[in-house]
file target.pdb (PDB, C-alpha atoms)
ATOM      1  CA  MET H   1     -60.831 -16.498  73.286
ATOM      2  CA  ASN H   2     -58.827 -14.624  70.699
ATOM      3  CA  THR H   3     -55.635 -16.651  70.151
ATOM      4  CA  ASN H   4     -53.724 -13.378  69.686
ATOM      5  CA  SER H   5     -54.423 -12.596  73.343
ATOM      6  CA  THR H   6     -52.113 -15.350  74.588
ATOM      7  CA  PRO H   7     -48.328 -14.862  74.406
ATOM      8  CA  ARG H   8     -46.689 -17.167  71.864
ATOM      9  CA  LEU H   9     -43.110 -16.502  72.942
ATOM     10  CA  LEU H  10     -41.997 -16.476  76.580
ATOM     11  CA  PHE H  11     -38.703 -15.220  77.967
ATOM     12  CA  GLY H  12     -37.864 -18.565  79.560
ATOM     13  CA  ASP H  13     -38.054 -20.335  76.188
ATOM     14  CA  LEU H  14     -35.155 -18.327  74.733
ATOM     15  CA  GLU H  15     -31.400 -18.933  74.650
ATOM     16  CA  VAL H  16     -28.453 -16.699  73.798
ATOM     17  CA  GLY H  17     -27.295 -17.595  70.291
ATOM     18  CA  GLY H  18     -30.820 -18.488  69.205
ATOM     19  CA  ARG H  19     -31.717 -17.304  65.724
ATOM     20  CA  LEU H  20     -34.838 -15.629  64.430
ATOM     21  CA  PRO H  21     -36.369 -17.201  61.332
ATOM     22  CA  PRO H  22     -34.938 -15.403  58.265
ATOM     23  CA  LEU H  23     -37.212 -13.237  56.133
ATOM     24  CA  SER H  24     -36.696 -12.468  52.448
ATOM     25  CA  HIS H  25     -38.392  -9.759  50.397
ATOM     26  CA  ARG H  26     -37.838  -8.679  46.781
ATOM     27  CA  VAL H  27     -37.730  -4.874  46.683
ATOM     28  CA  THR H  28     -39.384  -2.948  43.854
ATOM     29  CA  ALA H  29     -39.657   0.789  43.193
ATOM     30  CA  THR H  30     -43.133   0.466  44.700
ATOM     31  CA  THR H  31     -41.644  -0.938  47.936
ATOM     32  CA  VAL H  32     -39.364   2.103  48.221
ATOM     33  CA  VAL H  33     -42.034   4.679  47.373
ATOM     34  CA  LEU H  34     -44.712   3.088  49.584
ATOM     35  CA  GLY H  35     -42.292   3.091  52.512
ATOM     36  CA  ALA H  36     -41.196   6.676  51.946
ATOM     37  CA  LEU H  37     -44.727   8.053  51.631
ATOM     38  CA  ALA H  38     -46.071   6.001  54.558
ATOM     39  CA  SER H  39     -43.350   7.588  56.692
ATOM     40  CA  ARG H  40     -44.146  11.076  55.294
ATOM     41  CA  ASP H  41     -40.623  11.327  53.884
ATOM     42  CA  TRP H  42     -40.970  13.435  50.759
ATOM     43  CA  ARG H  43     -37.255  13.754  50.000
ATOM     44  CA  PRO H  44     -36.761  13.075  46.281
ATOM     45  CA  MET H  45     -34.039  10.418  46.542
ATOM     46  CA  HIS H  46     -36.774   8.041  47.748
ATOM     47  CA  HIS H  47     -39.059   8.522  44.738
ATOM     48  CA  ASP H  48     -37.144  10.335  41.938
ATOM     49  CA  LYS H  49     -34.548   8.144  40.234
ATOM     50  CA  ASP H  50     -32.897  11.034  38.325
ATOM     51  CA  PHE H  51     -32.439  12.982  41.567
ATOM     52  CA  ALA H  52     -30.986   9.920  43.340
ATOM     53  CA  ILE H  53     -28.460   9.364  40.549
ATOM     54  CA  GLU H  54     -27.480  12.999  40.032
ATOM     55  CA  ARG H  55     -27.489  14.298  43.608
ATOM     56  CA  ASN H  56     -26.828  11.213  45.717
ATOM     57  CA  GLY H  57     -24.625   9.394  43.253
ATOM     58  CA  THR H  58     -26.574   6.192  43.797
ATOM     59  CA  ARG H  59     -27.776   3.893  41.043
ATOM     60  CA  ASP H  60     -31.454   4.251  41.882
ATOM     61  CA  ILE H  61     -33.921   5.424  44.547
ATOM     62  CA  PHE H  62     -33.367   3.663  47.860
ATOM     63  CA  ILE H  63     -35.202   2.667  51.058
ATOM     64  CA  ASN H  64     -35.391   5.533  53.579
ATOM     65  CA  THR H  65     -34.373   5.405  57.219
ATOM     66  CA  PRO H  66     -37.787   5.333  58.963
ATOM     67  CA  ASN H  67     -39.001   2.666  56.559
ATOM     68  CA  ASN H  68     -35.913   0.596  57.321
ATOM     69  CA  ALA H  69     -36.930   0.875  61.002
ATOM     70  CA  ALA H  70     -40.454  -0.277  60.116
ATOM     71  CA  TRP H  71     -39.014  -3.288  58.290
ATOM     72  CA  PHE H  72     -36.921  -4.230  61.348
ATOM     73  CA  GLU H  73     -39.945  -3.829  63.613
ATOM     74  CA  ARG H  74     -42.017  -6.094  61.371
ATOM     75  CA  TYR H  75     -39.181  -8.679  61.338
ATOM     76  CA  ILE H  76     -38.908  -8.677  65.137
ATOM     77  CA  THR H  77     -42.618  -8.786  65.914
ATOM     78  CA  ASP H  78     -43.271 -11.475  63.289
ATOM     79  CA  TRP H  79     -41.152 -13.528  65.681
ATOM     80  CA  THR H  80     -42.388 -12.312  69.089
ATOM     81  CA  GLY H  81     -46.058 -11.927  68.237
ATOM     82  CA  PRO H  82     -48.130  -8.986  69.520
ATOM     83  CA  PHE H  83     -46.858  -9.229  73.096
ATOM     84  CA  GLY H  84     -43.309  -8.296  72.008
ATOM     85  CA  ARG H  85     -42.677  -4.632  72.844
ATOM     86  CA  LEU H  86     -39.748  -2.839  71.281
ATOM     87  CA  GLY H  87     -37.608  -0.882  73.754
ATOM     88  CA  ARG H  88     -34.668   0.159  71.580
ATOM     89  CA  LEU H  89     -33.622  -0.003  67.958
ATOM     90  CA  SER H  90     -30.359   1.165  66.435
ATOM     91  CA  PHE H  91     -29.051   0.631  62.928
ATOM     92  CA  GLN H  92     -26.611   1.752  60.277
ATOM     93  CA  MET H  93     -27.470   1.656  56.599
ATOM     94  CA  LYS H  94     -24.014   0.895  55.210
ATOM     95  CA  THR H  95     -25.108   0.478  51.606
ATOM     96  CA  PRO H  96     -28.556   1.460  50.323
ATOM     97  CA  VAL H  97     -31.214  -1.081  49.371
ATOM     98  CA  PHE H  98     -32.440  -0.500  45.802
ATOM     99  CA  PRO H  99     -35.282  -1.741  43.609
ATOM    100  CA  GLY H 100     -34.338  -5.173  42.272
ATOM    101  CA  ASP H 101     -32.553  -6.185  45.502
ATOM    102  CA  GLU H 102     -33.812  -9.153  47.479
ATOM    103  CA  MET H 103     -33.448  -8.181  51.137
ATOM    104  CA  ARG H 104     -32.739 -10.989  53.570
ATOM    105  CA  PHE H 105     -33.271 -10.316  57.275
ATOM    106  CA  ASP H 106     -31.377 -12.284  59.921
ATOM    107  CA  GLY H 107     -31.408 -11.931  63.688
ATOM    108  CA  THR H 108     -29.550 -13.511  66.592
ATOM    109  CA  ILE H 109     -30.158 -13.333  70.342
ATOM    110  CA  THR H 110     -27.026 -11.800  71.893
ATOM    111  CA  ALA H 111     -28.176 -11.348  75.508
ATOM    112  CA  LEU H 112     -31.075 -12.130  77.827
ATOM    113  CA  ALA H 113     -31.691 -10.166  81.021
ATOM    114  CA  THR H 114     -34.453  -9.591  83.542
ATOM    115  CA  ASP H 115     -34.497  -6.095  85.019
ATOM    116  CA  GLY H 116     -35.353  -5.141  88.603
ATOM    117  CA  GLU H 117     -39.018  -4.802  87.648
ATOM    118  CA  GLY H 118     -39.174  -8.346  86.302
ATOM    119  CA  CYS H 119     -39.245  -7.309  82.642
ATOM    120  CA  GLY H 120     -37.647  -9.886  80.326
ATOM    121  CA  TRP H 121     -35.327  -8.187  77.811
ATOM    122  CA  VAL H 122     -33.981  -9.797  74.665
ATOM    123  CA  ASP H 123     -31.022  -8.159  72.911
ATOM    124  CA  LEU H 124     -30.829  -8.886  69.196
ATOM    125  CA  GLU H 125     -28.217  -8.436  66.516
ATOM    126  CA  LEU H 126     -29.856  -7.710  63.171
ATOM    127  CA  ASP H 127     -28.669  -7.790  59.600
ATOM    128  CA  ILE H 128     -30.146  -7.001  56.186
ATOM    129  CA  SER H 129     -28.168  -8.522  53.343
ATOM    130  CA  VAL H 130     -28.510  -8.739  49.584
ATOM    131  CA  ASP H 131     -26.818 -11.646  47.779
ATOM    132  CA  GLY H 132     -24.858 -12.407  50.949
ATOM    133  CA  GLN H 133     -23.511  -8.840  51.295
ATOM    134  CA  THR H 134     -24.528  -6.889  54.400
ATOM    135  CA  ARG H 135     -26.391  -3.649  53.615
ATOM    136  CA  THR H 136     -27.700  -2.664  57.077
ATOM    137  CA  VAL H 137     -26.612  -3.771  60.529
ATOM    138  CA  GLY H 138     -28.552  -3.131  63.703
ATOM    139  CA  THR H 139     -29.311  -4.008  67.272
ATOM    140  CA  ALA H 140     -32.610  -4.094  69.110
ATOM    141  CA  ARG H 141     -33.870  -4.572  72.641
ATOM    142  CA  VAL H 142     -37.313  -6.096  72.859
ATOM    143  CA  ALA H 143     -39.356  -7.071  75.915
ATOM    144  CA  VAL H 144     -41.205 -10.376  75.824
ATOM    145  CA  PRO H 145     -43.510 -11.758  78.526
ATOM    146  CA  ALA H 146     -41.617 -13.160  81.525
ATOM    147  CA  ASP H 147     -44.417 -15.712  81.930
ATOM    148  CA  ALA H 148     -47.900 -16.344  80.567
ATOM    149  CA  ALA H 149     -49.387 -13.745  82.949
ATOM    150  CA  ASP H 150     -46.935 -10.966  82.054
ATOM    151  CA  ASN H 151     -47.596  -8.351  79.389
ATOM    152  CA  PRO H 152     -44.828  -5.835  78.555
ATOM    153  CA  TRP H 153     -47.392  -3.387  77.100
ATOM    154  CA  LYS H 154     -48.956  -2.951  80.559
ATOM    155  CA  ARG H 155     -45.674  -1.678  81.997
ATOM    156  CA  ARG H 156     -45.665   2.062  82.678
ATOM    157  CA  GLY H 157     -43.392   4.616  84.323
ATOM    158  CA  ALA H 158     -40.624   3.032  86.387
ATOM    159  CA  ARG H 159     -41.770  -0.460  85.390
ATOM    160  CA  TRP H 160     -40.692   0.250  81.770
ATOM    161  CA  GLN H 161     -36.952   0.848  81.509
ATOM    162  CA  PRO H 162     -35.835   0.419  77.909
TER     163      PRO H 162
ATOM    164  CA  MET N   1     -22.510  16.652  74.351
ATOM    165  CA  SER N   2     -19.333  17.284  72.372
ATOM    166  CA  ALA N   3     -18.076  19.802  69.829
ATOM    167  CA  ALA N   4     -15.100  20.013  67.495
ATOM    168  CA  ASP N   5     -12.695  22.938  68.105
ATOM    169  CA  ASP N   6     -13.154  24.595  64.732
ATOM    170  CA  LEU N   7     -16.879  25.397  64.819
ATOM    171  CA  PRO N   8     -18.380  28.850  64.188
ATOM    172  CA  ASP N   9     -19.914  30.429  67.319
ATOM    173  CA  ALA N  10     -23.431  30.258  65.878
ATOM    174  CA  VAL N  11     -23.045  26.489  65.579
ATOM    175  CA  ARG N  12     -21.364  25.996  68.947
ATOM    176  CA  LYS N  13     -24.273  27.800  70.672
ATOM    177  CA  MET N  14     -26.747  25.281  69.268
ATOM    178  CA  ILE N  15     -25.211  22.299  71.073
ATOM    179  CA  GLY N  16     -27.243  20.928  73.983
ATOM    180  CA  VAL N  17     -30.056  23.488  73.633
ATOM    181  CA  PRO N  18     -33.626  22.217  73.017
ATOM    182  CA  MET N  19     -34.831  23.807  69.764
ATOM    183  CA  TYR N  20     -37.850  23.807  67.501
ATOM    184  CA  GLU N  21     -40.443  22.574  70.004
ATOM    185  CA  ALA N  22     -43.381  21.557  67.859
ATOM    186  CA  ARG N  23     -46.662  19.688  68.060
ATOM    187  CA  SER N  24     -47.642  16.997  65.619
ATOM    188  CA  GLU N  25     -49.663  18.634  62.808
ATOM    189  CA  PHE N  26     -52.578  16.228  63.291
ATOM    190  CA  PRO N  27     -53.678  13.788  66.012
ATOM    191  CA  ILE N  28     -52.192  10.297  65.667
ATOM    192  CA  GLU N  29     -54.361   8.467  63.166
ATOM    193  CA  ILE N  30     -54.942   4.895  62.109
ATOM    194  CA  GLY N  31     -54.595   5.565  58.344
ATOM    195  CA  TYR N  32     -50.844   6.070  58.572
ATOM    196  CA  VAL N  33     -50.569   2.992  60.793
ATOM    197  CA  TYR N  34     -52.208   0.930  58.044
ATOM    198  CA  ASN N  35     -50.013   2.552  55.362
ATOM    199  CA  THR N  36     -46.878   1.740  57.317
ATOM    200  CA  CYS N  37     -47.889  -1.834  58.094
ATOM    201  CA  ALA N  38     -48.919  -2.380  54.455
ATOM    202  CA  ALA N  39     -45.619  -0.953  53.142
ATOM    203  CA  VAL N  40     -43.629  -3.591  55.047
ATOM    204  CA  GLY N  41     -46.144  -6.451  55.214
ATOM    205  CA  ASN N  42     -46.507  -6.115  59.002
ATOM    206  CA  GLY N  43     -49.433  -8.347  59.961
ATOM    207  CA  ASN N  44     -49.104  -7.832  63.732
ATOM    208  CA  PRO N  45     -52.739  -8.117  64.933
ATOM    209  CA  LEU N  46     -52.019  -5.382  67.464
ATOM    210  CA  TYR N  47     -52.338  -2.936  64.539
ATOM    211  CA  TRP N  48     -55.121  -4.617  62.570
ATOM    212  CA  ASP N  49     -57.478  -6.197  65.097
ATOM    213  CA  ASP N  50     -59.450  -4.197  67.684
ATOM    214  CA  GLU N  51     -59.940  -7.126  70.029
ATOM    215  CA  THR N  52     -56.211  -7.888  70.171
ATOM    216  CA  ALA N  53     -55.340  -4.202  70.566
ATOM    217  CA  GLN N  54     -57.758  -3.908  73.492
ATOM    218  CA  ALA N  55     -56.589  -7.097  75.178
ATOM    219  CA  VAL N  56     -52.853  -6.534  74.748
ATOM    220  CA  ALA N  57     -52.327  -2.757  74.720
ATOM    221  CA  GLY N  58     -55.569  -1.378  76.178
ATOM    222  CA  GLY N  59     -56.599   0.114  72.814
ATOM    223  CA  ARG N  60     -55.340   0.989  69.360
ATOM    224  CA  ILE N  61     -51.718   2.119  69.232
ATOM    225  CA  ALA N  62     -49.150   2.947  66.554
ATOM    226  CA  PRO N  63     -45.993   0.890  65.938
ATOM    227  CA  PRO N  64     -43.196   2.394  68.077
ATOM    228  CA  THR N  65     -40.886   2.873  65.076
ATOM    229  CA  MET N  66     -43.426   5.299  63.581
ATOM    230  CA  LEU N  67     -42.340   7.940  66.105
ATOM    231  CA  SER N  68     -40.673  10.200  63.512
ATOM    232  CA  VAL N  69     -43.599   9.876  61.086
ATOM    233  CA  TRP N  70     -45.781  12.144  63.213
ATOM    234  CA  PHE N  71     -43.407  15.089  63.029
ATOM    235  CA  ARG N  72     -42.672  15.311  59.326
ATOM    236  CA  PRO N  73     -44.475  18.368  57.961
ATOM    237  CA  HIS N  74     -46.967  18.165  55.125
ATOM    238  CA  TYR N  75     -45.221  18.525  51.765
ATOM    239  CA  TRP N  76     -47.315  21.610  51.140
ATOM    240  CA  ALA N  77     -49.698  23.660  53.252
ATOM    241  CA  PRO N  78     -51.652  26.845  52.603
ATOM    242  CA  GLY N  79     -49.478  29.886  53.087
ATOM    243  CA  ALA N  80     -46.238  27.910  53.173
ATOM    244  CA  SER N  81     -43.447  28.817  50.799
ATOM    245  CA  GLY N  82     -40.511  26.647  49.789
ATOM    246  CA  GLU N  83     -39.852  23.085  50.796
ATOM    247  CA  ARG N  84     -40.968  22.293  54.348
ATOM    248  CA  LYS N  85     -38.421  20.171  56.180
ATOM    249  CA  ALA N  86     -38.423  17.988  59.276
ATOM    250  CA  MET N  87     -35.277  18.094  61.428
ATOM    251  CA  GLN N  88     -34.760  21.814  60.933
ATOM    252  CA  ALA N  89     -31.754  21.729  63.312
ATOM    253  CA  HIS N  90     -30.036  19.397  60.857
ATOM    254  CA  PHE N  91     -30.758  21.681  57.896
ATOM    255  CA  ASP N  92     -29.547  24.668  59.961
ATOM    256  CA  LEU N  93     -26.240  22.860  60.471
ATOM    257  CA  LYS N  94     -25.937  22.073  56.759
ATOM    258  CA  ALA N  95     -26.383  25.777  55.960
ATOM    259  CA  LEU N  96     -24.178  27.168  58.764
ATOM    260  CA  LEU N  97     -21.374  24.710  58.035
ATOM    261  CA  ALA N  98     -21.690  25.119  54.227
ATOM    262  CA  LEU N  99     -22.084  21.372  53.722
ATOM    263  CA  PRO N 100     -24.788  21.103  51.054
ATOM    264  CA  GLU N 101     -25.183  17.311  50.951
ATOM    265  CA  ALA N 102     -26.077  14.953  53.783
ATOM    266  CA  VAL N 103     -26.878  11.322  54.473
ATOM    267  CA  VAL N 104     -28.076   9.557  57.617
ATOM    268  CA  ALA N 105     -25.120   7.576  58.966
ATOM    269  CA  SER N 106     -26.923   5.900  61.862
ATOM    270  CA  ASN N 107     -30.189   5.999  63.689
ATOM    271  CA  GLU N 108     -30.949   5.041  67.322
ATOM    272  CA  ALA N 109     -34.274   5.129  69.087
ATOM    273  CA  SER N 110     -35.682   4.287  72.487
ATOM    274  CA  PHE N 111     -39.402   3.951  73.021
ATOM    275  CA  GLY N 112     -41.488   4.896  76.046
ATOM    276  CA  GLU N 113     -45.226   5.067  76.649
ATOM    277  CA  PRO N 114     -47.106   3.682  73.617
ATOM    278  CA  VAL N 115     -48.367   6.243  71.093
ATOM    279  CA  ARG N 116     -52.168   5.912  70.995
ATOM    280  CA  ILE N 117     -54.599   6.808  68.234
ATOM    281  CA  GLY N 118     -55.807  10.352  68.952
ATOM    282  CA  ASP N 119     -52.682  11.381  70.885
ATOM    283  CA  VAL N 120     -51.125  14.774  70.209
ATOM    284  CA  LEU N 121     -47.351  14.676  70.512
ATOM    285  CA  THR N 122     -44.799  17.390  71.206
ATOM    286  CA  THR N 123     -41.197  17.185  70.119
ATOM    287  CA  CYS N 124     -37.964  19.116  70.450
ATOM    288  CA  GLN N 125     -34.614  18.810  68.681
ATOM    289  CA  ILE N 126     -31.296  18.857  70.540
ATOM    290  CA  VAL N 127     -27.947  18.943  68.714
ATOM    291  CA  ARG N 128     -25.871  16.565  70.811
ATOM    292  CA  SER N 129     -22.484  16.541  69.098
ATOM    293  CA  ILE N 130     -20.609  17.831  66.037
ATOM    294  CA  GLY N 131     -17.359  16.248  64.912
ATOM    295  CA  PRO N 132     -14.285  17.658  63.145
ATOM    296  CA  LEU N 133     -14.001  18.168  59.404
ATOM    297  CA  LYS N 134     -12.693  14.993  57.761
ATOM    298  CA  GLN N 135     -12.260  13.298  54.419
ATOM    299  CA  THR N 136     -14.886  10.632  53.737
ATOM    300  CA  ARG N 137     -15.703   8.392  50.794
ATOM    301  CA  LEU N 138     -18.399  10.885  49.732
ATOM    302  CA  GLY N 139     -16.373  14.074  50.159
ATOM    303  CA  THR N 140     -15.157  16.466  52.883
ATOM    304  CA  GLY N 141     -17.604  16.620  55.761
ATOM    305  CA  ARG N 142     -18.546  16.259  59.401
ATOM    306  CA  PHE N 143     -20.649  13.869  61.448
ATOM    307  CA  TRP N 144     -23.263  15.345  63.780
ATOM    308  CA  THR N 145     -25.943  13.875  66.034
ATOM    309  CA  VAL N 146     -29.382  15.354  66.676
ATOM    310  CA  ASP N 147     -31.765  13.970  69.349
ATOM    311  CA  VAL N 148     -35.492  14.259  68.826
ATOM    312  CA  ARG N 149     -37.362  13.815  72.121
ATOM    313  CA  SER N 150     -41.118  13.320  72.143
ATOM    314  CA  THR N 151     -43.866  13.466  74.760
ATOM    315  CA  ASN N 152     -47.633  12.988  74.611
ATOM    316  CA  GLN N 153     -50.439  15.319  75.704
ATOM    317  CA  HIS N 154     -50.119  14.029  79.299
ATOM    318  CA  GLY N 155     -46.414  14.894  79.393
ATOM    319  CA  ASP N 156     -45.410  11.216  79.282
ATOM    320  CA  TRP N 157     -42.170  10.456  77.433
ATOM    321  CA  VAL N 158     -43.000   8.425  74.322
ATOM    322  CA  GLY N 159     -39.534   8.132  72.827
ATOM    323  CA  THR N 160     -36.275   9.658  71.675
ATOM    324  CA  GLU N 161     -34.668   9.253  68.291
ATOM    325  CA  SER N 162     -31.023  10.109  67.683
ATOM    326  CA  TYR N 163     -29.890  10.639  64.126
ATOM    327  CA  THR N 164     -26.228  10.807  63.196
ATOM    328  CA  PHE N 165     -25.715  12.547  59.864
ATOM    329  CA  LEU N 166     -22.753  12.981  57.609
ATOM    330  CA  GLY N 167     -22.935  16.466  56.075
ATOM    331  CA  TYR N 168     -20.479  16.847  53.208
ATOM    332  CA  ARG N 169     -19.320  18.651  50.077
ATOM    333  CA  ARG N 170     -18.798  16.556  46.995
ATOM    334  CA  PRO N 171     -15.291  16.857  45.456
ATOM    335  CA  GLY N 172     -15.228  20.082  43.429
ATOM    336  CA  GLN N 173     -18.425  21.391  45.079
TER     337      GLN N 173
END

call {"tool": "encode", "arguments": {"input": "target.pdb", "output": "structure tokens"}}
result
Amino acid sequence: MNTNSTPRLLFGDLEVGGRLPPLSHRVTATTVVLGALASRDWRPMHHDKDFAIERNGTRDIFINTPNNAAWFERYITDWTGPFGRLGRLSFQMKTPVFPGDEMRFDGTITALATDGEGCGWVDLELDISVDGQTRTVGTARVAVPADAADNPWKRRGARWQP
Amino acid sequence: MSAADDLPDAVRKMIGVPMYEARSEFPIEIGYVYNTCAAVGNGNPLYWDDETAQAVAGGRIAPPTMLSVWFRPHYWAPGASGERKAMQAHFDLKALLALPEAVVASNEASFGEPVRIGDVLTTCQIVRSIGPLKQTRLGTGRFWTVDVRSTNQHGDWVGTESYTFLGYRRPGQ
């Protein structure tokens, strides 16, 4: 049996205040440009340093919004495994992330709830920092299996209430 | 829905009205899923391994946070002139309010039915709120929020993204 087909994280194993393992990543210009082009974001401040400096007043090109979302998703599902299903994601990029920065991701469980359909919801507080200074803050709501037989991805219609 | 008191009529009329209904320019495809996962080092087997995708999600799907990816226009297309922009409602507001610069202040999304490879999505943009003119660190500007609601070819809701922008004029601009 494919080991990916068995949930690795179950709702009952979690506690409020629990922390996700941190993740660190050194950002390069390639990181920024790959993320921008993968998200079909052709705006020049994500690939043209002169434009970013002159028009945005920033010191360099910087990570774009949809790519920041993709980074958060990767961070969350690294932890949940493939059975984790994202219901909501919200974030504010307070200060841009530039080439040369080492991003550090942190996450904390702020609430645990089971809805009327038996779906196990985990609320997370998220943070991206560089050298201890917060750059982006966010929150997420992710469904994880209530038990070994549950699979959030199979929930449809009224059984999925993000 | 909310609006500041000092808005031009043309702007006020935009609030709460679904605009710019559009279909994704190509069916959802695995290449962009790989590009996105590779850009952030996302090794989730749901997006790389057929067997896992079948067992867990009933087939290949795209990461939920890719929702906006499918609606950004090609940079160039035959017959197109000028820069082609996603979020036209946002660019309309920049022009109508004479605020030439803008940044995304915050971004919220909720995700519905999974987006599957081969799906064709439809989206619309709804201006939800526009705030009063204020002084910010970047210049004089306003915050506004635009919802982008998406459905698949079966009419199922696949997600809504809400972007709050700060549109502004730099000092002296």

call {"tool": "closest_atom_pairs", "arguments": {"input": "target.pdb", "of": "chain H", "to": "chain N", "cutoff": "8 Å", "atoms": "all atoms listed in the file", "output": "JSON lines"}}
result
{"residue": "H:Asn2", "atom": "CA", "partner": "N:Thr52", "partner_atom": "CA", "distance": 7.2}
{"residue": "H:Asn4", "atom": "CA", "partner": "N:Thr52", "partner_atom": "CA", "distance": 6.0}
{"residue": "H:Ser5", "atom": "CA", "partner": "N:Thr52", "partner_atom": "CA", "distance": 6.0}
{"residue": "H:Thr31", "atom": "CA", "partner": "N:Ala39", "partner_atom": "CA", "distance": 6.6}
{"residue": "H:Leu34", "atom": "CA", "partner": "N:Ala39", "partner_atom": "CA", "distance": 5.5}
{"residue": "H:Gly35", "atom": "CA", "partner": "N:Ala39", "partner_atom": "CA", "distance": 5.3}
{"residue": "H:Ala38", "atom": "CA", "partner": "N:Thr36", "partner_atom": "CA", "distance": 5.1}
{"residue": "H:Ser39", "atom": "CA", "partner": "N:Val69", "partner_atom": "CA", "distance": 5.0}
{"residue": "H:Arg40", "atom": "CA", "partner": "N:Val69", "partner_atom": "CA", "distance": 5.9}
{"residue": "H:Asp41", "atom": "CA", "partner": "N:Arg72", "partner_atom": "CA", "distance": 7.0}
{"residue": "H:Trp42", "atom": "CA", "partner": "N:Tyr75", "partner_atom": "CA", "distance": 6.7}
{"residue": "H:Thr65", "atom": "CA", "partner": "N:Val104", "partner_atom": "CA", "distance": 7.6}
{"residue": "H:Pro66", "atom": "CA", "partner": "N:Ser68", "partner_atom": "CA", "distance": 7.3}
{"residue": "H:Asn67", "atom": "CA", "partner": "N:Val40", "partner_atom": "CA", "distance": 7.9}
{"residue": "H:Ala69", "atom": "CA", "partner": "N:Thr65", "partner_atom": "CA", "distance": 6.0}
{"residue": "H:Ala70", "atom": "CA", "partner": "N:Thr65", "partner_atom": "CA", "distance": 5.9}
{"residue": "H:Trp71", "atom": "CA", "partner": "N:Val40", "partner_atom": "CA", "distance": 5.6}
{"residue": "H:Glu73", "atom": "CA", "partner": "N:Thr65", "partner_atom": "CA", "distance": 6.9}
{"residue": "H:Arg74", "atom": "CA", "partner": "N:Asn42", "partner_atom": "CA", "distance": 5.1}
{"residue": "H:Thr77", "atom": "CA", "partner": "N:Asn44", "partner_atom": "CA", "distance": 6.9}
{"residue": "H:Asp78", "atom": "CA", "partner": "N:Asn44", "partner_atom": "CA", "distance": 6.9}
{"residue": "H:Gly81", "atom": "CA", "partner": "N:Asn44", "partner_atom": "CA", "distance": 6.8}
{"residue": "H:Pro82", "atom": "CA", "partner": "N:Leu46", "partner_atom": "CA", "distance": 5.7}
{"residue": "H:Phe83", "atom": "CA", "partner": "N:Val56", "partner_atom": "CA", "distance": 6.8}
{"residue": "H:Leu86", "atom": "CA", "partner": "N:Phe111", "partner_atom": "CA", "distance": 7.0}
{"residue": "H:Gly87", "atom": "CA", "partner": "N:Phe111", "partner_atom": "CA", "distance": 5.2}
{"residue": "H:Arg88", "atom": "CA", "partner": "N:Ser110", "partner_atom": "CA", "distance": 4.3}
{"residue": "H:Leu89", "atom": "CA", "partner": "N:Ala109", "partner_atom": "CA", "distance": 5.3}
{"residue": "H:Ser90", "atom": "CA", "partner": "N:Glu108", "partner_atom": "CA", "distance": 4.0}
{"residue": "H:Phe91", "atom": "CA", "partner": "N:Asn107", "partner_atom": "CA", "distance": 5.5}
{"residue": "H:Gln92", "atom": "CA", "partner": "N:Ser106", "partner_atom": "CA", "distance": 4.5}
{"residue": "H:Met93", "atom": "CA", "partner": "N:Ser106", "partner_atom": "CA", "distance": 6.8}
{"residue": "H:Lys94", "atom": "CA", "partner": "N:Ala105", "partner_atom": "CA", "distance": 7.7}
{"residue": "H:Asn151", "atom": "CA", "partner": "N:Val56", "partner_atom": "CA", "distance": 7.2}
{"residue": "H:Trp153", "atom": "CA", "partner": "N:Ala57", "partner_atom": "CA", "distance": 5.5}
{"residue": "H:Lys154", "atom": "CA", "partner": "N:Ala57", "partner_atom": "CA", "distance": 6.7}
{"residue": "H:Arg156", "atom": "CA", "partner": "N:Glu113", "partner_atom": "CA", "distance": 6.8}
{"residue": "H:Gly157", "atom": "CA", "partner": "N:Glu113", "partner_atom": "CA", "distance": 7.9}
{"residue": "H:Trp160", "atom": "CA", "partner": "N:Gly112", "partner_atom": "CA", "distance": 7.4}
{"residue": "H:Pro162", "atom": "CA", "partner": "N:Ser110", "partner_atom": "CA", "distance": 6.7}

call {"tool": "resolve_selection", "arguments": {"input": "target.pdb", "expression": "the PyMOL selection byres ((chain N and resi 28) around 10)", "output": "list in words"}}
result
Ser24, Glu25, Phe26, Pro27, Glu29, Ile30, Gly31, Tyr32, Val33, Ile61, Ala62, Val69, Trp70, Val115, Arg116, Ile117, Gly118, Asp119, Val120 and Leu121 of chain N

call {"tool": "closest_residue", "arguments": {"input": "target.pdb", "among": "H:His47, H:Arg104, H:Arg8, H:Arg85", "to": "H:His25", "atoms": "only C-alpha atoms"}}
result
H:Arg104

call {"tool": "residues_near_point", "arguments": {"input": "target.pdb", "point": "(-33.7, -12.5, 67.4)", "cutoff": "6 Å", "atoms": "only C-alpha atoms", "output": "PyMOL selection string"}}
result
chain H and resi 19-20+107-109+124

call {"tool": "write_last_selection", "arguments": {"input": "target.pdb", "atoms": "C-alpha atoms", "output": "PDB file, in the frame of the given file"}}
result
ATOM      1  CA  ARG H  19     -31.717 -17.304  65.724  1.00  0.00           C
ATOM      2  CA  LEU H  20     -34.838 -15.629  64.430  1.00  0.00           C
ATOM      3  CA  GLY H 107     -31.408 -11.931  63.688  1.00  0.00           C
ATOM      4  CA  THR H 108     -29.550 -13.511  66.592  1.00  0.00           C
ATOM      5  CA  ILE H 109     -30.158 -13.333  70.342  1.00  0.00           C
ATOM      6  CA  LEU H 124     -30.829  -8.886  69.196  1.00  0.00           C
TER       7      LEU H 124
END

call {"tool": "residues_near_point", "arguments": {"input": "target.pdb", "point": "(-25.2, 22.7, 59.0)", "cutoff": "12 Å", "atoms": "all atoms listed in the file", "output": "ChimeraX atom specification"}}
result
/N:7-8,10-12,14,87-102,127,130-131,141-146,165-169
